[in-house]
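Novice: Below is a structure I'd like to ask you about.
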Amino acid sequence: MNIGTQGDIGECWLAEREVGSYHSAVFDSLGRNLIRFRWAVIAVWLTVGIFAATRAGGTLAVLELRGHADQTTEAQFADSLLNVRFARPVANFFAVTLSGPGQITEGAGGDLLDSLASTARAKPWVRGVLTSHTTKDTAFVSKDQHTTMFLVSLGSSRDSVGALVAPLRQAFRDVLQRTPNGGAYTVQVTGRAPLDNDIRTVSGDDARRSERNLVPITFIVLVVAFGALVAACLPVIVGVVVIVLALAIVGVIARHTSMTVFVLNMITMIGLGVGIDYSLLVVTRFREEMNAGRSSVDAAIRTIATAGRAVLASGMTVVVGFAALLLTPLSDTKSIGIAGLVVVAIAMLLATTLLPALLAVLGRAIDQPRWLASRLAWYHKPATWARWAASLSRHPYRAVAVGGSILLLLTVPVMFIHIGLPSRSWWPTETEAGAGVATLERMGMSGYVMPLRMIIEFPEGTPATSSTALRGLKHLSDSLRADPRIREIRSLVDINRKRTVFEYSVLYSSLDSVRVNYPDFLDAYLARDERTTLMDVIPADTTSLTTAMDVVRNVRRLAASGHIKQLKGASVRVGGYVAGSVDFQELLLSRFPMIVGLILAVTALMLAIVFRSVLVPIKAIVMNSLSVAATFGIVVLVFQHGFGAQLFGVDGPTSAIYVLVPVIVFAMVFGLSMDYEVFLLVRIKELYDETGDNAAATRDGLAATASVITSAAVIMVVVFGAFAFAHIIMMQFIGFGLAVAVFLDATLVRMVLVPSFMQIAGRWNWWPGGKGSR
């Protein structure tokens, strides 16, 4: 079989099924008008593409780094209380590390430390600077005395802190340049805002690098698939244009609604994968029509009427998954859903308008150079796939047993999945902020970057400095200190651990005198209303982000238990980064079952309508679910347990899988895998309608579609797999998961389980809408 005869694998929808002449006439009319004005269509898309290219570069700057929920969580409320009620909240701060060749707090190192601190204090947006010199705290200095850290408290709101990172880093670089032997010292600015800023930069770099690397790789795959250079260029052009247009449109949307920075990587992944996938079908169909003797114009019209409808049908299955993400409670997942819908819509439009117009203009030129086709004819010969299909038809039960057993075995690790923040590699160490966190970890001070922030609000008429309140705070502090996962507690009753509650009562009897001796401390830990106080819980250096989530839950259980009678009537809320992650995770997981049910139900309904069958959608749902479960099992095995994680730059087990990963991967995989389901089953159904022989239709359908499904799957695996080597671990999770899912779906499921099951079920595959002999 030559390459042209493979194109009707899925182009099908209505033209290759009896669905009425009205829809056929509508599509035929649209195709004729589009091809009639093909030059105008090309000109319009060229203009739109050029305009979008001038706007796409500005999208990164308007994307958000911190997500939020569609309802106020406990952590969000605690953080808002901290910013509103406290005179000098240490809500926003930078942690700065300084490393040098000698003792860092004395001599030249000590002078540099003082110079850096003075430079920071001179900034109008800095509220204060805490160093080892001002606090006399030896914890601020490493054991070898070569590294120290200091805290820069900021007076700006959370939304504006990110803009202060670059100026402070530049100011510190200027100090180093003026310092004799300054090149021997290293200054790293880290903290929540610097980490966010660096993640934004890394996301953009990853997206651009992936585009540069993936375009030539996918082009090579397409050359093999088409056996022609010109034909291979068209899908790549469409994929790149999809990315550019999607970036520009998402940039506009991001100015009106929250869009996460991770949509950059998703646009590249989905844009290249889906754009090239759909173009592969359209170009293949066009070549088939040309080989059938049609002119380039008639072939393009016919392509729109057949492959164009297949693209729209396949696109709608992908849309289901992305649309389901709009029902999630987090801005991160919603924005990925929005971006996915934009990308798929653009890919469908380009594949059904611009691409046919280009094909009508090029005609036979897409087959150039012709000598290449003969050299690559081996890839398109149906003999290999025909033998495989015949083997499956002879032993379908054995194939189902073996294939099903493999999938079930791969799903076993998913039973041990742990959802949470990864214990390692969460912050990219290639960045300054990530390297700063690594330095703090070596010092045992990383907990200061992401403390748990407890807001204790006493009832009206009960000051936080009353003896009863102080006794309750002391009891709470002592209970928390008993947890080995907690390094330190900072609160009104932790200025000096040797002080008694009575001594604290005497101290706080005159707040004015306390404010003279501890001005920054008192305003940071006692609110203006004097009945609300802050307690900072600093995790131990051995406490990972994964176990820190358990600490949050334990702290909340302790506060809600009522065991501390002096705190009865008080409201205790836990905020901070880790607490916010706990809240987001619980919110998302609470809606996950609804999302799964919606995707399964809508997918099954669409397949039932298309194939007029009860068994086909049930089979598709079961096999897709097994495929997704096996994918999660492999993700757990590789990342959570660390088997092979080093291949992707992760230096050990992550101990947990981030909550967004199963939600996003499930939503995307179910839509994308339906592409191959439709491509294969439509071809089988076409042959079954012609012959009434289910066994022969299954064999011939598999043989006819295998090479194109393989080509499409290879492109998807390459595109998604590239992001398994990204510098942000969440994108590594998603990229690896999608690549594994497509690989399993296009090989084990579509090439083994589906045709074998179709052989076993016989004519019951098409009940009640089908008829045939076997």
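Within each chain, counting starts at residue 1; across the structure tokens, chains are named A, B, ... in the order shown, with ligands numbered 1 upward in that order.
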If you run DSSP on this backbone, which residues of segment 480-729 of chain A come out as helix (DSSP H, G or I), and could you give them as JSON, numbers by chain?
Specialist: {"A": [480, 481, 501, 502, 503, 504, 505, 506, 507, 511, 512, 513, 514, 515, 516, 517, 519, 520, 521, 522, 523, 524, 525, 545, 546, 547, 548, 549, 550, 551, 552, 553, 554, 555, 556, 557, 558, 559, 560, 565, 566, 567, 577, 578, 579, 580, 581, 582, 583, 584, 585, 586, 587, 588, 589, 590, 591, 592, 593, 594, 595, 596, 597, 598, 599, 600, 601, 602, 603, 604, 605, 606, 607, 608, 609, 610, 611, 615, 616, 617, 618, 619, 620, 621, 622, 623, 624, 625, 626, 627, 628, 629, 630, 631, 632, 633, 634, 635, 636, 637, 638, 639, 640, 645, 646, 647, 648, 660, 661, 662, 663, 664, 665, 666, 667, 668, 669, 670, 671, 672, 673, 674, 675, 676, 677, 678, 679, 680, 681, 682, 683, 684, 685, 686, 687, 688, 689, 690, 691, 694, 695, 696, 697, 698, 699, 700, 701, 702, 703, 704, 705, 706, 707, 708, 709, 710, 711, 712, 713, 714, 715, 716, 717, 718, 719, 720, 721, 722, 723, 724, 725, 729]}
Novice: What's around segment 738-749 of chain A at 9 Å? Count only C-alpha atoms, leave out sequence neighbours fewer than 3 positions away in its own chain, and write the answer as an NGL selection string.
Specialist: :A and (403-404 or 406-407 or 623-624 or 627-628 or 630-632 or 634-635 or 665-666 or 668-669 or 672-673 or 676 or 709-710 or 712-714 or 716-722 or 724 or 733-735 or 752-755)
Novice: Find the spatial neighbours of Leu681 of chain A, counting only C-alpha atoms, within a cut-off of 10 Å - ignore same-chain residues fewer than 2 positions away - and output them as a ChimeraX atom specification.
Specialist: /A:9-10,611,616,676-679,683-687,697-698,701-702,705,750,754-755,758
Novice: Show which residues sit within 9 Å of Val663 of chain A, as an mmCIF file with N, CA and C atoms, in the first residue's frame. Count only C-alpha atoms, and ignore same-chain residues fewer than 4 positions away.
Specialist:
data_model
loop_
_atom_site.group_PDB
_atom_site.id
_atom_site.type_symbol
_atom_site.label_atom_id
_atom_site.label_comp_id
_atom_site.auth_asym_id
_atom_site.auth_seq_id
_atom_site.Cartn_x
_atom_site.Cartn_y
_atom_site.Cartn_z
ATOM 1 N N LEU A 325 -11.343 20.515 32.883
ATOM 2 C CA LEU A 325 -10.433 21.217 33.785
ATOM 3 C C LEU A 325 -10.989 22.568 34.219
ATOM 4 N N THR A 333 -5.117 24.800 37.169
ATOM 5 C CA THR A 333 -5.740 23.812 36.289
ATOM 6 C C THR A 333 -6.742 24.462 35.341
ATOM 7 N N LEU A 588 -8.799 20.201 45.229
ATOM 8 C CA LEU A 588 -8.750 19.585 43.907
ATOM 9 C C LEU A 588 -9.175 18.123 43.959
ATOM 10 N N LEU A 589 -8.697 17.399 44.963
ATOM 11 C CA LEU A 589 -9.052 15.987 45.074
ATOM 12 C C LEU A 589 -10.538 15.805 45.366
ATOM 13 N N PHE A 592 -12.074 15.849 41.951
ATOM 14 C CA PHE A 592 -11.513 14.926 40.964
ATOM 15 C C PHE A 592 -12.492 13.826 40.552
ATOM 16 N N ILE A 595 -14.828 15.161 37.977
ATOM 17 C CA ILE A 595 -14.166 15.387 36.695
ATOM 18 C C ILE A 595 -14.002 14.066 35.945
ATOM 19 N N VAL A 596 -13.568 13.028 36.668
ATOM 20 C CA VAL A 596 -13.406 11.712 36.055
ATOM 21 C C VAL A 596 -14.731 11.208 35.502
ATOM 22 N N VAL A 659 -0.211 17.005 43.103
ATOM 23 C CA VAL A 659 -1.640 16.751 42.899
ATOM 24 C C VAL A 659 -2.126 17.146 41.505
ATOM 25 N N ALA A 667 -7.121 14.107 32.325
ATOM 26 C CA ALA A 667 -7.982 14.893 31.433
ATOM 27 C C ALA A 667 -7.430 14.924 30.012
ATOM 28 N N MET A 668 -6.116 15.081 29.883
ATOM 29 C CA MET A 668 -5.518 15.180 28.554
ATOM 30 C C MET A 668 -5.445 13.825 27.853
#
Novice: To one decimal place in Å, what is the distance between atom CA of Leu372 of chain A and atom CA of Ala228 of chain A?
Specialist: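 According to the coordinates, atom CA of Leu372 of chain A and atom CA of Ala228 of chain A are separated by 6.1 Å.
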Novice: My list of candidates is A:Arg573, A:Arg557, A:Arg302, A:Arg387. Which is closest to Ala704 of chain A when distances are computed with only C-alpha atoms?
Specialist: A:Arg387
Novice: DSSP on the backbone, then: every residue of segment 553-613 of chain A marked strand (DSSP E), written as an MDAnalysis selection string.
Specialist: chainID A and resid 571:575
Novice: Identify, on the basis of only C-alpha atoms, every residue whose closest approach to Ile486 of chain A does not exceed 9 Å; exclude the query and any residue fewer than 5 positions from it along the same chain; express the result as a list of chain:residue names.
Specialist: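 Using only C-alpha atoms, the neighbours found are A:Gly447, A:Leu480, A:Arg481, A:Val537, A:Ile538, A:Pro539, A:Ala540, A:Asp541, A:Thr543, A:Val551.
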Novice: Just the residues within 12 Å of Gly597 of chain A, please, counting only C-alpha atoms, with nothing from its chain fewer than 3 positions along; format it as a compact mmCIF listing (two decimals) with C-alpha atoms, in the first residue's frame.
Specialist:
# COMPACT_ATOMS: atom_id res chain seq x y z
CA VAL A 320 -13.85 17.20 26.50
CA GLY A 321 -10.79 16.70 28.71
CA ALA A 324 -13.43 19.36 32.32
CA ARG A 591 -13.64 17.51 42.73
CA PHE A 592 -11.51 14.93 40.96
CA PRO A 593 -14.17 12.16 41.07
CA MET A 594 -16.68 14.51 39.43
CA LEU A 600 -16.00 9.12 31.10
CA ALA A 601 -19.69 9.86 30.55
CA VAL A 602 -19.23 12.41 27.75
CA THR A 603 -16.60 10.28 25.99
CA ALA A 604 -18.83 7.20 26.13
CA ILE A 621 -13.75 3.41 28.58
CA SER A 625 -8.98 3.57 32.14
CA PHE A 666 -6.07 12.06 33.11
CA ALA A 667 -7.98 14.89 31.43
CA PHE A 670 -8.51 10.53 27.67
Novice: Point out the residue among A:Ile237, A:Ser99, A:Glu690, A:Ile217 with the least atom-to-atom distance to Leu176 of chain A, counting only C-alpha atoms.
Specialist: A:Ser99
Novice: Between atom CA of Leu354 of chain A and atom CA of Ile42 of chain A, what is the spacing in Å?
Specialist: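 Between these atoms lies a distance of 6.0 Å.
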Novice: Any idea what's packed within 9 Å of Phe219 of chain A, counting only C-alpha atoms, ignoring anything in its chain fewer than 4 positions away? Could you give it as a PyMOL selection string?
Specialist: chain A and resi 214-215+223-224+229+232-233+235-236
Novice: Could you jot down the atom CA of Val344 of chain A to atom CA of Glu211 of chain A separation for me, Å, one decimal place?
Specialist: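 Going from atom CA of Val344 of chain A over to atom CA of Glu211 of chain A, I get 17.6 Å.
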Novice: Rank nothing, just name the residue among A:Glu106, A:Gln76, A:Thr353, A:Ala248 nearest to Gly49 of chain A, using only C-alpha atoms.
Specialist: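 Counting only C-alpha atoms, the residue closest to Gly49 of chain A is A:Ala248.
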Novice: Give the answer as one residue: which of A:Pro194, A:Pro369, A:Gly58, A:Pro356 has the shortest atom-to-atom distance to Thr431 of chain A, using only C-alpha atoms?
Specialist: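 Ranked by minimum distance to Thr431 of chain A, first place goes to A:Pro194.
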Novice: Hey, which of A:Ala527, A:Ala386, A:Ile301, A:Leu326 ends up closest to Arg38 of chain A? Count only C-alpha atoms.
Specialist: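 Nearest candidate to Arg38 of chain A out of A:Ala527, A:Ala386, A:Ile301, A:Leu326: A:Ile301.
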